[in-house]
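S.K.: The structure file start.txt (compact mmCIF, C-alpha atoms and all ligand atoms) is provided below.
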```
# COMPACT_ATOMS: atom_id res chain seq x y z
CA MET T 1 0.00 0.00 0.00
CA ILE T 2 1.13 3.56 -0.71
CA ILE T 3 -0.23 6.68 0.99
CA SER T 4 0.71 10.09 -0.29
CA GLY T 5 0.14 13.67 0.82
CA PRO T 6 1.39 16.36 3.20
CA THR T 7 3.29 14.30 5.75
CA TYR T 8 4.56 15.17 9.24
CA ILE T 9 8.29 14.45 9.44
CA ASP T 10 10.54 15.79 12.19
CA GLY T 11 8.33 18.77 13.00
CA GLU T 12 7.58 19.74 9.42
CA ILE T 13 4.90 19.05 6.85
CA VAL T 14 6.37 17.89 3.56
CA SER T 15 4.94 16.16 0.53
CA ARG T 16 5.80 12.45 0.61
CA TYR T 17 4.93 8.98 -0.66
CA ILE T 18 4.76 6.48 2.21
CA SER T 19 5.17 2.87 1.11
CA ILE T 20 3.90 0.22 3.49
CA ASP T 21 4.90 -3.40 3.52
CA GLU T 22 3.70 -5.95 6.08
CA GLY T 23 2.50 -3.26 8.45
CA LYS T 24 5.72 -1.29 8.43
CA ILE T 25 6.85 1.78 6.56
CA SER T 26 9.27 0.51 3.93
CA SER T 27 10.11 3.89 2.42
CA VAL T 28 9.25 7.58 2.62
CA GLU T 29 10.03 9.34 -0.64
CA ARG T 30 9.57 12.68 -2.40
CA ALA T 31 8.62 11.05 -5.68
CA LEU T 32 7.72 7.54 -6.70
CA LYS T 33 7.39 5.68 -9.96
CA THR T 34 4.95 2.87 -9.46
CA THR T 35 2.06 1.05 -11.01
CA GLU T 36 0.61 0.36 -7.59
CA GLU T 37 -2.53 2.20 -6.57
CA ILE T 38 -1.84 5.26 -4.40
CA PHE T 39 -4.11 6.50 -1.62
CA TYR T 40 -3.92 10.28 -1.88
CA TRP T 41 -4.78 12.54 1.04
CA ASP T 42 -4.73 16.32 0.90
CA GLY T 43 -5.03 17.01 4.63
CA VAL T 44 -2.16 16.11 6.96
CA ILE T 45 -0.72 12.66 7.55
CA LEU T 46 0.42 12.31 11.16
CA PRO T 47 1.69 9.43 13.26
CA SER T 48 -1.33 8.13 15.19
CA GLY T 49 -1.39 8.43 18.96
CA THR T 50 -0.17 6.23 21.81
CA ASP T 51 -2.17 6.73 25.01
CA ILE T 52 -0.21 5.37 27.96
CA HIS T 53 -2.99 5.89 30.51
CA VAL T 54 -6.45 4.37 30.00
CA HIS T 55 -8.90 2.39 32.17
CA PHE T 56 -10.91 0.02 29.98
CA ARG T 57 -12.52 -1.80 32.96
CA ASP T 58 -12.16 -5.27 31.45
CA PRO T 59 -12.44 -7.60 33.33
CA GLY T 60 -14.71 -6.63 36.18
CA GLN T 61 -16.72 -3.57 35.19
CA THR T 62 -17.55 -4.11 31.55
CA HIS T 63 -20.86 -2.27 31.93
CA LYS T 64 -18.70 0.92 31.91
CA GLU T 65 -16.33 -0.07 29.09
CA ASP T 66 -14.68 -3.19 27.73
CA PHE T 67 -11.58 -3.83 25.69
CA TYR T 68 -13.50 -3.75 22.43
CA THR T 69 -15.46 -0.53 23.05
CA GLY T 70 -12.44 1.16 24.64
CA THR T 71 -10.09 0.39 21.75
CA ARG T 72 -12.81 1.25 19.21
CA SER T 73 -13.20 4.63 20.89
CA ALA T 74 -9.41 5.09 20.90
CA ALA T 75 -9.17 4.27 17.17
CA CYS T 76 -11.89 6.76 16.24
CA GLY T 77 -9.86 9.43 18.03
CA GLY T 78 -6.64 8.56 16.18
CA ILE T 79 -5.07 6.44 18.94
CA THR T 80 -3.73 3.05 17.81
CA THR T 81 -1.83 1.93 20.92
CA VAL T 82 -3.06 2.05 24.51
CA ALA T 83 -1.60 1.07 27.87
CA ASP T 84 -4.33 -0.05 30.24
CA MET T 85 -4.21 0.49 34.00
CA PRO T 86 -4.53 -2.33 36.54
CA ASN T 87 -7.23 -0.95 38.88
CA ASN T 88 -9.76 -3.47 37.65
CA ASP T 89 -12.23 -5.14 39.96
CA PRO T 90 -10.45 -7.17 41.31
CA PRO T 91 -7.10 -5.39 40.74
CA ILE T 92 -4.44 -6.91 38.46
CA ASP T 93 -1.97 -7.75 41.20
CA SER T 94 -1.03 -11.35 40.42
CA TYR T 95 0.42 -13.35 37.54
CA GLY T 96 -2.86 -15.23 37.08
CA ARG T 97 -4.98 -12.10 36.87
CA LEU T 98 -2.58 -10.42 34.46
CA LYS T 99 -2.47 -13.53 32.28
CA GLU T 100 -6.26 -13.64 32.24
CA LYS T 101 -6.44 -9.95 31.30
CA PHE T 102 -3.99 -10.51 28.42
CA LYS T 103 -6.26 -13.32 27.24
CA ILE T 104 -9.29 -11.02 27.28
CA SER T 105 -7.51 -8.15 25.55
CA SER T 106 -6.08 -10.42 22.85
CA LYS T 107 -9.63 -11.48 21.95
CA LYS T 108 -11.21 -8.02 22.07
CA ALA T 109 -8.63 -5.35 21.23
CA CYS T 110 -8.89 -3.50 17.91
CA THR T 111 -5.77 -1.40 18.58
CA ASP T 112 -2.40 -2.52 19.89
CA TYR T 113 -2.06 -2.53 23.65
CA ALA T 114 0.10 -2.93 26.72
CA LEU T 115 -1.13 -3.80 30.21
CA TYR T 116 0.16 -2.44 33.50
CA GLY T 117 0.48 -4.68 36.51
CA LEU T 118 -0.28 -3.26 39.95
CA LEU T 119 2.96 -3.14 41.92
CA SER T 120 2.57 -5.90 44.51
CA THR T 121 4.47 -8.70 46.18
CA ASN T 122 3.88 -10.72 42.98
CA THR T 123 5.78 -8.24 40.82
CA GLU T 124 8.70 -10.47 39.88
CA LYS T 125 6.49 -13.21 38.46
CA MET T 126 4.29 -10.64 36.68
CA MET T 127 7.38 -9.27 34.96
CA GLU T 128 7.32 -12.35 32.75
CA LEU T 129 4.29 -10.69 31.14
CA THR T 130 4.83 -6.92 31.37
CA ARG T 131 7.42 -4.29 32.22
CA LEU T 132 4.86 -1.59 33.07
CA PHE T 133 3.71 -1.20 36.66
CA LYS T 134 1.44 1.26 38.43
CA VAL T 135 1.79 2.55 41.97
CA TYR T 136 -1.07 4.31 43.74
CA LEU T 137 0.35 6.55 46.48
CA ALA T 138 -3.27 7.28 47.49
CA GLY T 139 -6.45 5.25 47.16
CA SER T 140 -8.49 5.86 44.04
CA THR T 141 -11.16 3.98 42.06
CA GLY T 142 -10.92 0.34 43.15
CA VAL T 143 -7.49 0.47 44.78
CA GLU T 144 -5.94 1.23 48.14
CA LYS T 145 -2.86 3.30 48.82
CA VAL T 146 0.32 1.28 48.32
CA THR T 147 2.15 -0.03 51.36
CA ASP T 148 5.90 -0.32 51.34
CA LEU T 149 6.94 -2.06 48.11
CA LYS T 150 10.27 -0.46 47.38
CA ASP T 151 12.09 -3.76 46.85
CA GLU T 152 9.50 -4.67 44.24
CA ALA T 153 9.91 -1.22 42.67
CA ASN T 154 13.62 -1.86 42.54
CA THR T 155 13.06 -5.16 40.73
CA VAL T 156 11.05 -3.31 38.05
CA LEU T 157 13.37 -0.34 37.66
CA ASP T 158 16.53 -2.43 37.76
CA SER T 159 15.47 -4.41 34.73
CA ASP T 160 14.57 -1.32 32.70
CA GLY T 161 10.89 -1.48 33.63
CA PHE T 162 8.59 1.51 33.87
CA LEU T 163 6.87 2.71 37.01
CA ALA T 164 3.90 5.07 36.73
CA PHE T 165 2.83 6.81 39.94
CA HIS T 166 -0.54 8.19 40.96
CA CYS T 167 0.72 11.00 43.17
CA GLU T 168 -1.50 12.18 46.00
CA ASP T 169 -0.67 12.04 49.71
CA GLU T 170 -3.70 10.87 51.71
CA GLU T 171 -2.29 12.33 54.93
CA LEU T 172 -3.06 15.75 53.53
CA PHE T 173 -6.65 15.05 52.47
CA LYS T 174 -9.17 17.04 54.48
CA GLY T 175 -12.90 17.55 54.80
CA LYS T 176 -15.52 16.35 52.37
CA GLY T 177 -15.95 18.38 49.19
CA GLU T 178 -19.55 18.87 48.07
CA ASP T 179 -18.68 20.36 44.69
CA LEU T 180 -15.64 20.72 42.41
CA VAL T 181 -14.18 23.65 44.35
CA GLY T 182 -14.64 21.71 47.58
CA TYR T 183 -13.10 18.59 46.04
CA ASN T 184 -10.04 20.59 45.03
CA LYS T 185 -9.71 21.52 48.73
CA GLU T 186 -10.43 17.97 49.90
CA ARG T 187 -7.50 16.57 47.88
CA PRO T 188 -5.38 19.75 47.81
CA SER T 189 -2.49 20.73 45.54
CA LEU T 190 -0.04 20.22 48.36
CA SER T 191 -0.99 16.53 48.59
CA GLU T 192 0.15 16.13 44.98
CA VAL T 193 3.41 17.99 45.54
CA LYS T 194 4.28 16.03 48.70
CA ALA T 195 3.57 12.73 46.98
CA ILE T 196 5.78 13.68 44.03
CA GLU T 197 8.58 14.72 46.37
CA SER T 198 8.31 11.38 48.16
CA LEU T 199 9.30 9.62 44.92
CA ALA T 200 12.88 10.61 45.72
CA THR T 201 12.82 7.87 48.40
CA TRP T 202 11.90 5.26 45.76
CA PRO T 203 14.65 3.46 43.82
CA GLU T 204 16.29 5.12 40.83
CA GLY T 205 15.01 4.40 37.34
CA LYS T 206 12.27 5.34 34.88
CA LYS T 207 9.77 7.00 37.18
CA HIS T 208 6.74 8.59 35.59
CA VAL T 209 4.30 10.99 37.23
CA CYS T 210 0.76 10.49 35.96
CA HIS T 211 -1.75 13.31 35.48
CA VAL T 212 0.17 16.23 37.02
CA SER T 213 -2.45 18.83 37.95
CA THR T 214 -0.49 21.62 39.66
CA ASP T 215 2.32 24.00 38.82
CA ALA T 216 4.27 23.04 41.96
CA GLY T 217 3.79 19.35 41.11
CA PHE T 218 5.09 19.95 37.60
CA LYS T 219 8.16 21.77 38.92
CA ALA T 220 8.88 19.12 41.57
CA ALA T 221 8.60 16.27 39.05
CA LYS T 222 10.80 18.03 36.50
CA SER T 223 13.49 18.99 39.00
CA LEU T 224 13.66 15.39 40.21
CA GLY T 225 14.05 14.18 36.63
CA TYR T 226 10.80 12.22 36.23
CA SER T 227 8.68 12.15 33.11
CA VAL T 228 5.56 14.28 33.41
CA GLU T 229 2.14 13.41 32.07
CA VAL T 230 -0.76 15.85 31.77
CA THR T 231 -4.38 15.12 30.84
CA PRO T 232 -6.69 17.03 28.50
CA HIS T 233 -9.18 17.59 31.35
CA HIS T 234 -6.60 19.38 33.49
CA LEU T 235 -5.71 21.51 30.46
CA TYR T 236 -9.31 22.34 29.51
CA PHE T 237 -11.12 22.70 32.84
CA THR T 238 -10.79 24.45 36.18
CA ASP T 239 -12.76 23.65 39.33
CA GLU T 240 -15.18 26.42 38.26
CA VAL T 241 -16.50 24.37 35.32
CA ILE T 242 -20.21 23.53 35.50
CA LEU T 243 -19.84 19.78 35.40
CA GLY T 244 -20.78 18.89 38.99
CA PRO T 245 -20.12 15.20 39.73
CA PHE T 246 -19.23 14.63 36.06
CA GLY T 247 -16.11 16.73 36.64
CA LYS T 248 -15.06 14.76 39.71
CA VAL T 249 -11.67 13.20 39.07
CA ASN T 250 -8.48 12.27 40.93
CA PRO T 251 -6.42 14.38 41.15
CA PRO T 252 -9.12 17.07 41.12
CA LEU T 253 -9.59 19.88 38.64
CA ARG T 254 -7.65 22.84 40.03
CA GLY T 255 -8.05 26.62 40.22
CA ASP T 256 -7.10 29.31 37.70
CA LYS T 257 -3.48 29.67 38.71
CA ASP T 258 -2.52 26.02 38.34
CA HIS T 259 -4.62 25.72 35.21
CA PHE T 260 -2.91 28.69 33.59
CA ALA T 261 0.56 27.47 34.56
CA LEU T 262 -0.08 23.95 33.20
CA THR T 263 -1.33 25.43 29.94
CA GLU T 264 1.86 27.46 29.69
CA HIS T 265 4.07 24.44 30.34
CA PHE T 266 2.10 22.60 27.71
CA GLU T 267 2.40 25.31 25.09
CA ARG T 268 6.11 25.68 25.78
CA ASP T 269 6.54 21.97 25.06
CA GLU T 270 7.79 21.25 28.60
CA ILE T 271 5.48 18.33 29.26
CA ASP T 272 6.56 14.84 28.23
CA VAL T 273 3.30 13.09 27.61
CA LEU T 274 -0.33 13.89 27.08
CA ALA T 275 -2.48 10.96 28.19
CA SER T 276 -6.23 10.81 28.49
CA ASP T 277 -6.61 8.97 31.82
CA HIS T 278 -9.76 7.70 30.11
CA ALA T 279 -11.76 6.60 33.16
CA PRO T 280 -15.31 5.86 32.06
CA HIS T 281 -18.22 5.63 34.50
CA THR T 282 -21.81 5.46 33.26
CA GLU T 283 -24.06 8.50 33.21
CA SER T 284 -26.29 7.05 35.92
CA GLU T 285 -23.30 6.27 38.16
CA LYS T 286 -22.14 9.88 37.81
CA MET T 287 -25.57 11.52 38.15
CA VAL T 288 -25.72 11.19 41.93
CA ASP T 289 -24.84 13.32 44.96
CA PHE T 290 -21.38 14.80 44.46
CA SER T 291 -19.81 12.96 47.38
CA GLU T 292 -21.21 9.61 46.19
CA ALA T 293 -20.06 9.97 42.57
CA PRO T 294 -17.10 7.89 41.37
CA ALA T 295 -14.05 9.88 40.21
CA GLY T 296 -12.99 9.75 36.58
CA LEU T 297 -13.80 11.06 33.10
CA PRO T 298 -13.70 9.51 29.62
CA GLY T 299 -11.35 11.10 27.07
CA VAL T 300 -9.41 8.67 24.86
CA GLU T 301 -11.41 9.54 21.73
CA THR T 302 -11.41 13.32 22.16
CA MET T 303 -7.76 13.97 23.11
CA TYR T 304 -6.13 14.11 19.67
CA PRO T 305 -9.18 15.84 18.06
CA LEU T 306 -9.24 18.59 20.73
CA MET T 307 -5.54 19.15 20.29
CA MET T 308 -5.83 19.30 16.51
CA ASN T 309 -8.41 22.04 16.92
CA SER T 310 -6.01 23.85 19.22
CA VAL T 311 -3.39 23.61 16.46
CA ALA T 312 -5.89 24.89 13.89
CA MET T 313 -6.65 27.85 16.17
CA GLY T 314 -2.96 28.69 16.35
CA GLU T 315 -2.80 28.06 20.11
CA THR T 316 -0.49 25.06 20.05
CA ALA T 317 2.31 23.98 17.74
CA LEU T 318 1.61 20.81 15.78
CA SER T 319 5.02 19.47 16.83
CA THR T 320 4.05 19.83 20.52
CA VAL T 321 0.91 17.80 19.96
CA VAL T 322 2.61 15.05 17.93
CA ASP T 323 5.49 14.84 20.40
CA MET T 324 3.27 14.51 23.44
CA ILE T 325 0.54 12.28 21.98
CA SER T 326 2.63 10.10 19.72
CA THR T 327 6.43 10.29 19.63
CA LYS T 328 7.30 10.46 23.34
CA PRO T 329 4.72 7.99 24.63
CA SER T 330 5.78 5.52 21.93
CA GLU T 331 9.40 5.92 23.04
CA ILE T 332 8.34 5.30 26.63
CA LEU T 333 6.71 2.03 25.61
CA GLY T 334 9.73 1.16 23.50
CA ILE T 335 7.73 0.62 20.31
CA LYS T 336 8.59 1.61 16.76
CA LYS T 337 5.67 3.98 16.43
CA GLY T 338 5.28 7.74 16.74
CA LYS T 339 7.32 8.68 13.69
CA ILE T 340 6.73 8.46 9.97
CA LYS T 341 10.00 6.85 9.14
CA GLU T 342 11.34 3.79 7.39
CA GLY T 343 11.24 0.76 9.70
CA PHE T 344 8.48 2.18 11.90
CA PHE T 345 4.98 0.70 12.01
CA ALA T 346 2.54 2.34 9.63
CA ASP T 347 0.35 3.75 12.40
CA LEU T 348 -1.13 6.88 10.89
CA ALA T 349 -3.93 9.37 11.48
CA LEU T 350 -5.12 11.46 8.54
CA PHE T 351 -6.69 14.78 9.51
CA ASP T 352 -8.14 17.66 7.50
CA PHE T 353 -7.87 21.04 9.22
CA ARG T 354 -11.09 22.18 7.52
CA GLU T 355 -13.12 19.52 9.29
CA VAL T 356 -13.86 21.35 12.52
CA GLU T 357 -16.95 20.15 14.35
CA ASN T 358 -18.55 20.22 17.77
CA ILE T 359 -18.09 17.08 19.84
CA MET T 360 -21.39 15.21 20.17
CA ASN T 361 -21.93 12.37 22.62
CA GLU T 362 -23.90 10.40 20.02
CA ARG T 363 -20.93 10.33 17.67
CA LEU T 364 -18.48 8.94 20.25
CA HIS T 365 -17.78 5.24 20.66
CA SER T 366 -17.12 4.65 24.36
CA LYS T 367 -19.66 2.51 26.17
CA CYS T 368 -20.09 5.16 28.86
CA GLY T 369 -22.11 7.37 26.51
CA TRP T 370 -21.08 10.85 27.69
CA SER T 371 -18.16 13.24 27.46
CA PRO T 372 -17.15 16.24 29.55
CA PHE T 373 -16.06 17.79 26.23
CA GLU T 374 -19.49 17.70 24.56
CA GLY T 375 -19.90 20.86 22.45
CA PHE T 376 -16.15 21.58 22.27
CA ARG T 377 -14.64 22.18 18.87
CA ALA T 378 -12.52 19.34 17.58
CA ILE T 379 -11.03 17.81 14.44
CA PHE T 380 -11.41 14.03 14.24
CA PRO T 381 -9.21 11.94 11.96
CA ARG T 382 -10.95 10.90 8.73
CA HIS T 383 -8.77 7.82 8.28
CA VAL T 384 -6.76 5.86 10.83
CA PHE T 385 -4.30 3.04 10.12
CA CYS T 386 -2.78 0.57 12.55
CA ARG T 387 0.15 -1.40 11.11
CA GLY T 388 -0.95 -0.42 7.60
CA GLU T 389 -4.57 -1.55 7.98
CA PHE T 390 -7.55 0.78 8.06
CA LEU T 391 -9.14 0.98 11.50
CA VAL T 392 -11.18 4.02 10.55
CA LYS T 393 -12.10 4.72 6.94
CA ASN T 394 -13.94 7.89 6.06
CA ARG T 395 -14.91 8.43 9.73
CA GLU T 396 -16.34 4.94 9.96
CA PHE T 397 -14.83 2.40 12.32
CA ILE T 398 -14.02 -0.74 10.34
CA GLY T 399 -11.62 -2.48 12.73
CA SER T 400 -12.40 -5.84 14.28
CA LYS T 401 -12.05 -7.53 17.62
CA GLY T 402 -8.79 -9.32 18.15
CA GLU T 403 -6.83 -7.42 15.48
CA GLY T 404 -4.93 -5.44 18.09
CA LYS T 405 -1.68 -6.94 19.31
CA ASN T 406 0.17 -7.04 22.60
CA ILE T 407 3.06 -4.63 21.96
CA SER T 408 5.58 -7.00 23.46
CA LEU T 409 4.77 -9.45 20.64
CA LEU T 410 5.16 -6.88 17.85
O1 LIG N 501 -10.35 9.91 38.78
C1 LIG N 501 -9.78 8.83 38.69
N1 LIG N 501 -10.39 7.77 38.14
N2 LIG N 501 -8.53 8.70 39.13
C2 LIG N 501 -7.94 7.50 39.23
O2 LIG N 501 -6.84 7.42 39.73
C3 LIG N 501 -8.64 6.28 38.81
C4 LIG N 501 -9.67 6.60 37.82
C5 LIG N 501 -10.62 5.46 37.59
O3 LIG N 501 -10.15 4.35 37.37
O4 LIG N 501 -11.83 5.69 37.62
ZN ZN N 502 -4.26 8.07 38.72
ZN ZN N 503 -5.90 6.84 35.80
```
Transcribe the structure of this file into structure tokens.
Ligand code: DOR
Ligand code: ZN
Ligand code: ZN
M.R.:
Amino acid sequence: MIISGPTYIDGEIVSRYISIDEGKISSVERALKTTEEIFYWDGVILPSGTDIHVHFRDPGQTHKEDFYTGTRSAACGGITTVADMPNNDPPIDSYGRLKEKFKISSKKACTDYALYGLLSTNTEKMMELTRLFKVYLAGSTGVEKVTDLKDEANTVLDSDGFLAFHCEDEELFKGKGEDLVGYNKERPSLSEVKAIESLATWPEGKKHVCHVSTDAGFKAAKSLGYSVEVTPHHLYFTDEVILGPFGKVNPPLRGDKDHFALTEHFERDEIDVLASDHAPHTESEKMVDFSEAPAGLPGVETMYPLMMNSVAMGETALSTVVDMISTKPSEILGIKKGKIKEGFFADLALFDFREVENIMNERLHSKCGWSPFEGFRAIFPRHVFCRGEFLVKNREFIGSKGEGKNISLL
């Protein structure tokens, strides 16, 4: 297969012919003499996204999402690789549970995937199956705060594994928030900063700070040399947004100052990774008293489209978006994706800057059926390829269950 058009290469858009052979890019050329049929695109051809932080709820809570609906939603938003978190019900904290989850995902995934294990006393055995582990420094949906597991952390980091931390310090939680402003006070900024600082007492290695929500947290993580992840919801919303329980998320939406600072860090290209923290709960689960509502928002399908609109508006550089959604997260996972380059997988998202639309819940593909970004302007990819195969063609999802691969088998 050959795809041709304005192509993103090393921060620039240039006219190229991309030849694809057995799922990989075999050449990227300025001109091509061929009798083969060429798929021409006159928008932009970008590397598709890698989202290293999603919660697809499978197994355990498949009424919220499952591996098929989650990866379908990802694909329609231009994401062709996901890394799924281990706070399932029950949590993925043993070899058996992780093996079972790999079995489920191999049958249902439409995009490629990796699975995190929950750091636990079973870590060493689980490392036969994954090198990604998650540590919750505070309790969140379905998991308790971690107890002392530094030896296990050392085992992961010593063998070039990757540790992602949910950074909040429960000791600093106070009161019971009854709305988003109150929730921001209940799990205050300082609790994030203290938790990030405590990572210095964990073994050396690839430590990653998930969903940084504060300026001080960002600065602490950077100065300690950790990779920093930010979510679209912390970039788009403050605690003043009228979302009520639908905006409840851990860590909470913050005030103006943090929000403004994070946006600046983002626009200056200082953040390593943009990840959705796609955490679907159903509309009826969310539409309850604030204090009873589960924390978490969906977002895997809207992340790249929102950012492409931000590029179209001239607010964000295209290279910032591609770096944070595609190139850097792919490097973190150690996969040959995130660049349009010979030898890399042909994972591509084809956008047209003229196709601006308002996000509508009915057009999204997550099982949860709602989005905090409804009504926002966005540009969805018209075509999406994973390893050279169409997953989305002309805005229609045409992928199938089981086509996605475990990235460690690629
Ligand atoms: O708001 C959150 N929701 N934060 C988390 O850490 C977990 C997530 C979920 O799984 O619902
Ligand atoms: Zn988290
Ligand atoms: Zn999360």
S.K.: At what distance in Å, to one decimal, does atom CA of T:Ser400 lie from atom CA of T:Tyr113?
M.R.: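 Calculated distance between atom CA of T:Tyr113 and atom CA of T:Ser400 is 14.3 Å.
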S.K.: Within 10 Å of ligand ZN 502 (chain N), which residues show up when you count only C-alpha atoms and all ligand atoms? List them as a list in words, please.
M.R.: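 I would give the residues around ligand ZN 502 (chain N) as His53, Val54, His55, Met85, Asn87, Lys134, Val135, Tyr136, Leu137, Ala138, Gly139, Ser140, Thr141, Ala164, Phe165, His166, Cys167, Glu168, Val209, Cys210, His211, Val212, Val249, Asn250, Pro251, Asp277, Ala279 and Gly296 of chain T.
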S.K.: Extract, using all atoms listed in the file, all DNA, RNA and protein residues at most 7 Å from T:Ala75, discarding same-chain residues fewer than 6 positions from it, and format them as a JSON list (two decimals) with C-alpha atoms, in the frame of the given file.
M.R.:
```
[["chain", "number", "residue", "atom", "x", "y", "z"],
["T", 111, "THR", "CA", -5.77, -1.40, 18.58],
["T", 384, "VAL", "CA", -6.76, 5.86, 10.83],
["T", 391, "LEU", "CA", -9.14, 0.98, 11.50],
["T", 392, "VAL", "CA", -11.18, 4.02, 10.55]]
```
S.K.: Using all atoms of stretch 325-330 of chain T that appear in the file, construct an axis-aligned enclosing box with 8 Å of padding on every side and provide its centre coordinates and edge lengths in Å, rounded to one decimal, as JSON.
M.R.:
```
{"center_x": 3.9, "center_y": 8.9, "center_z": 22.1, "size_x": 22.8, "size_y": 22.8, "size_z": 21.0}
```
S.K.: So the first atom is atom CA of T:Glu355 and the second is atom CA of T:His234; what is the distance between them in Å, to one decimal place?
M.R.: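 About the pair atom CA of T:Glu355 and atom CA of T:His234: they are 25.1 Å apart.
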S.K.: Skipping near chain neighbours, those fewer than 5 positions away, what residues fall within 10 Å of T:Asp42 using only C-alpha atoms, listed as a list in words?
M.R.: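 Final neighbour list, sorted by chain and number: Ser4, Gly5, Pro6, Thr7, Ser15, Leu350, Phe351 and Asp352 of chain T.
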S.K.: Which polymer residues have any atom within 12 Å of an atom of T:Thr263, counting only C-alpha atoms, with same-chain residues fewer than 2 positions away left out, as a ChimeraX atom specification?
M.R.: /T:212-215,218,230-238,256-261,265-271,274,310,315-316
S.K.: Need the shell around T:Gly205: protein/DNA/RNA residues with any atom at most 12 Å away, counting all atoms listed in the file. Skip same-chain ones fewer than 6 positions apart. Format as number ranges by chain?
M.R.: T: 153-164, 199, 224-227
S.K.: Write to file, as a PDB file, in the coordinates of the input, the residues of the selection just made, with C-alpha atoms.
M.R.:
```
ATOM      1  CA  ALA T 153       9.910  -1.220  42.670  1.00  0.00           C
ATOM      2  CA  ASN T 154      13.620  -1.860  42.540  1.00  0.00           C
ATOM      3  CA  THR T 155      13.060  -5.160  40.730  1.00  0.00           C
ATOM      4  CA  VAL T 156      11.050  -3.310  38.050  1.00  0.00           C
ATOM      5  CA  LEU T 157      13.370  -0.340  37.660  1.00  0.00           C
ATOM      6  CA  ASP T 158      16.530  -2.430  37.760  1.00  0.00           C
ATOM      7  CA  SER T 159      15.470  -4.410  34.730  1.00  0.00           C
ATOM      8  CA  ASP T 160      14.570  -1.320  32.700  1.00  0.00           C
ATOM      9  CA  GLY T 161      10.890  -1.480  33.630  1.00  0.00           C
ATOM     10  CA  PHE T 162       8.590   1.510  33.870  1.00  0.00           C
ATOM     11  CA  LEU T 163       6.870   2.710  37.010  1.00  0.00           C
ATOM     12  CA  ALA T 164       3.900   5.070  36.730  1.00  0.00           C
ATOM     13  CA  LEU T 199       9.300   9.620  44.920  1.00  0.00           C
ATOM     14  CA  LEU T 224      13.660  15.390  40.210  1.00  0.00           C
ATOM     15  CA  GLY T 225      14.050  14.180  36.630  1.00  0.00           C
ATOM     16  CA  TYR T 226      10.800  12.220  36.230  1.00  0.00           C
ATOM     17  CA  SER T 227       8.680  12.150  33.110  1.00  0.00           C
TER      18      SER T 227
END
```
S.K.: In Å, how far is it from atom CA of T:Ile79 to atom CA of T:Ile379?
M.R.: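 Atom CA of T:Ile379 lies 13.6 Å from atom CA of T:Ile79.
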S.K.: Can you tell me, as a list in words, which residues sit within 9 Å of (1.4, 4.3, -7.3) in the file's frame, using all atoms listed in the file?
M.R.: Met1, Ile2, Ile3, Tyr17, Leu32, Lys33, Thr34, Thr35, Glu36, Glu37, Ile38 and Phe39 of chain T
S.K.: Using only C-alpha atoms, give me every residue within 6 Å of (-10.7, 22.1, 16.9) in file coordinates, as a ChimeraX atom specification.
M.R.: /T:306,308-310,356,377-379
S.K.: Excluding T:Asp272 and any residue of its chain fewer than 3 positions from it, enumerate the residues within 7 Å of it, using only C-alpha atoms, and give them as JSON, numbers by chain.
M.R.: {"T": [227, 228, 229, 324, 328]}
S.K.: Rank nothing, just name the residue among T:Gly334, T:Gly49, T:Pro381, T:Pro252 nearest to ligand LIG 501 (chain N), using all atoms listed in the file.
M.R.: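 Closest to ligand LIG 501 (chain N), using all atoms listed in the file: T:Pro252.
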S.K.: Which residue, T:Gly402, T:Gly43, T:Pro203, T:Pro91, has the smallest gap to T:Phe380 when you use all atoms listed in the file?
M.R.: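 Looking at the shortest contact to T:Phe380, the residue is T:Gly43.
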S.K.: From the list T:Arg254, T:Lys206, T:Lys248, T:His365, which residue is nearest T:Glu192 when using all atoms listed in the file?
M.R.: T:Arg254
S.K.: May I ask which of the residues T:Asn88, T:Thr121, T:Thr50, T:Ser326 is the closest one to ligand LIG 501 (chain N), counting all atoms listed in the file?
M.R.: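 Counting all atoms listed in the file, the residue closest to ligand LIG 501 (chain N) is T:Asn88.
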S.K.: Counting all atoms listed in the file, which of T:Tyr116, T:Glu152, T:Gly23, T:Glu12 gets nearest to ligand ZN 503 (chain N)?
M.R.: T:Tyr116
S.K.: Point out the residue among T:Asp93, T:Glu240, T:Asp84, T:Asp51 with the least atom-to-atom distance to ligand LIG 501 (chain N), counting only C-alpha atoms and all ligand atoms.
M.R.: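 Looking only at the distances to ligand LIG 501 (chain N), the closest residue turns out to be T:Asp84.
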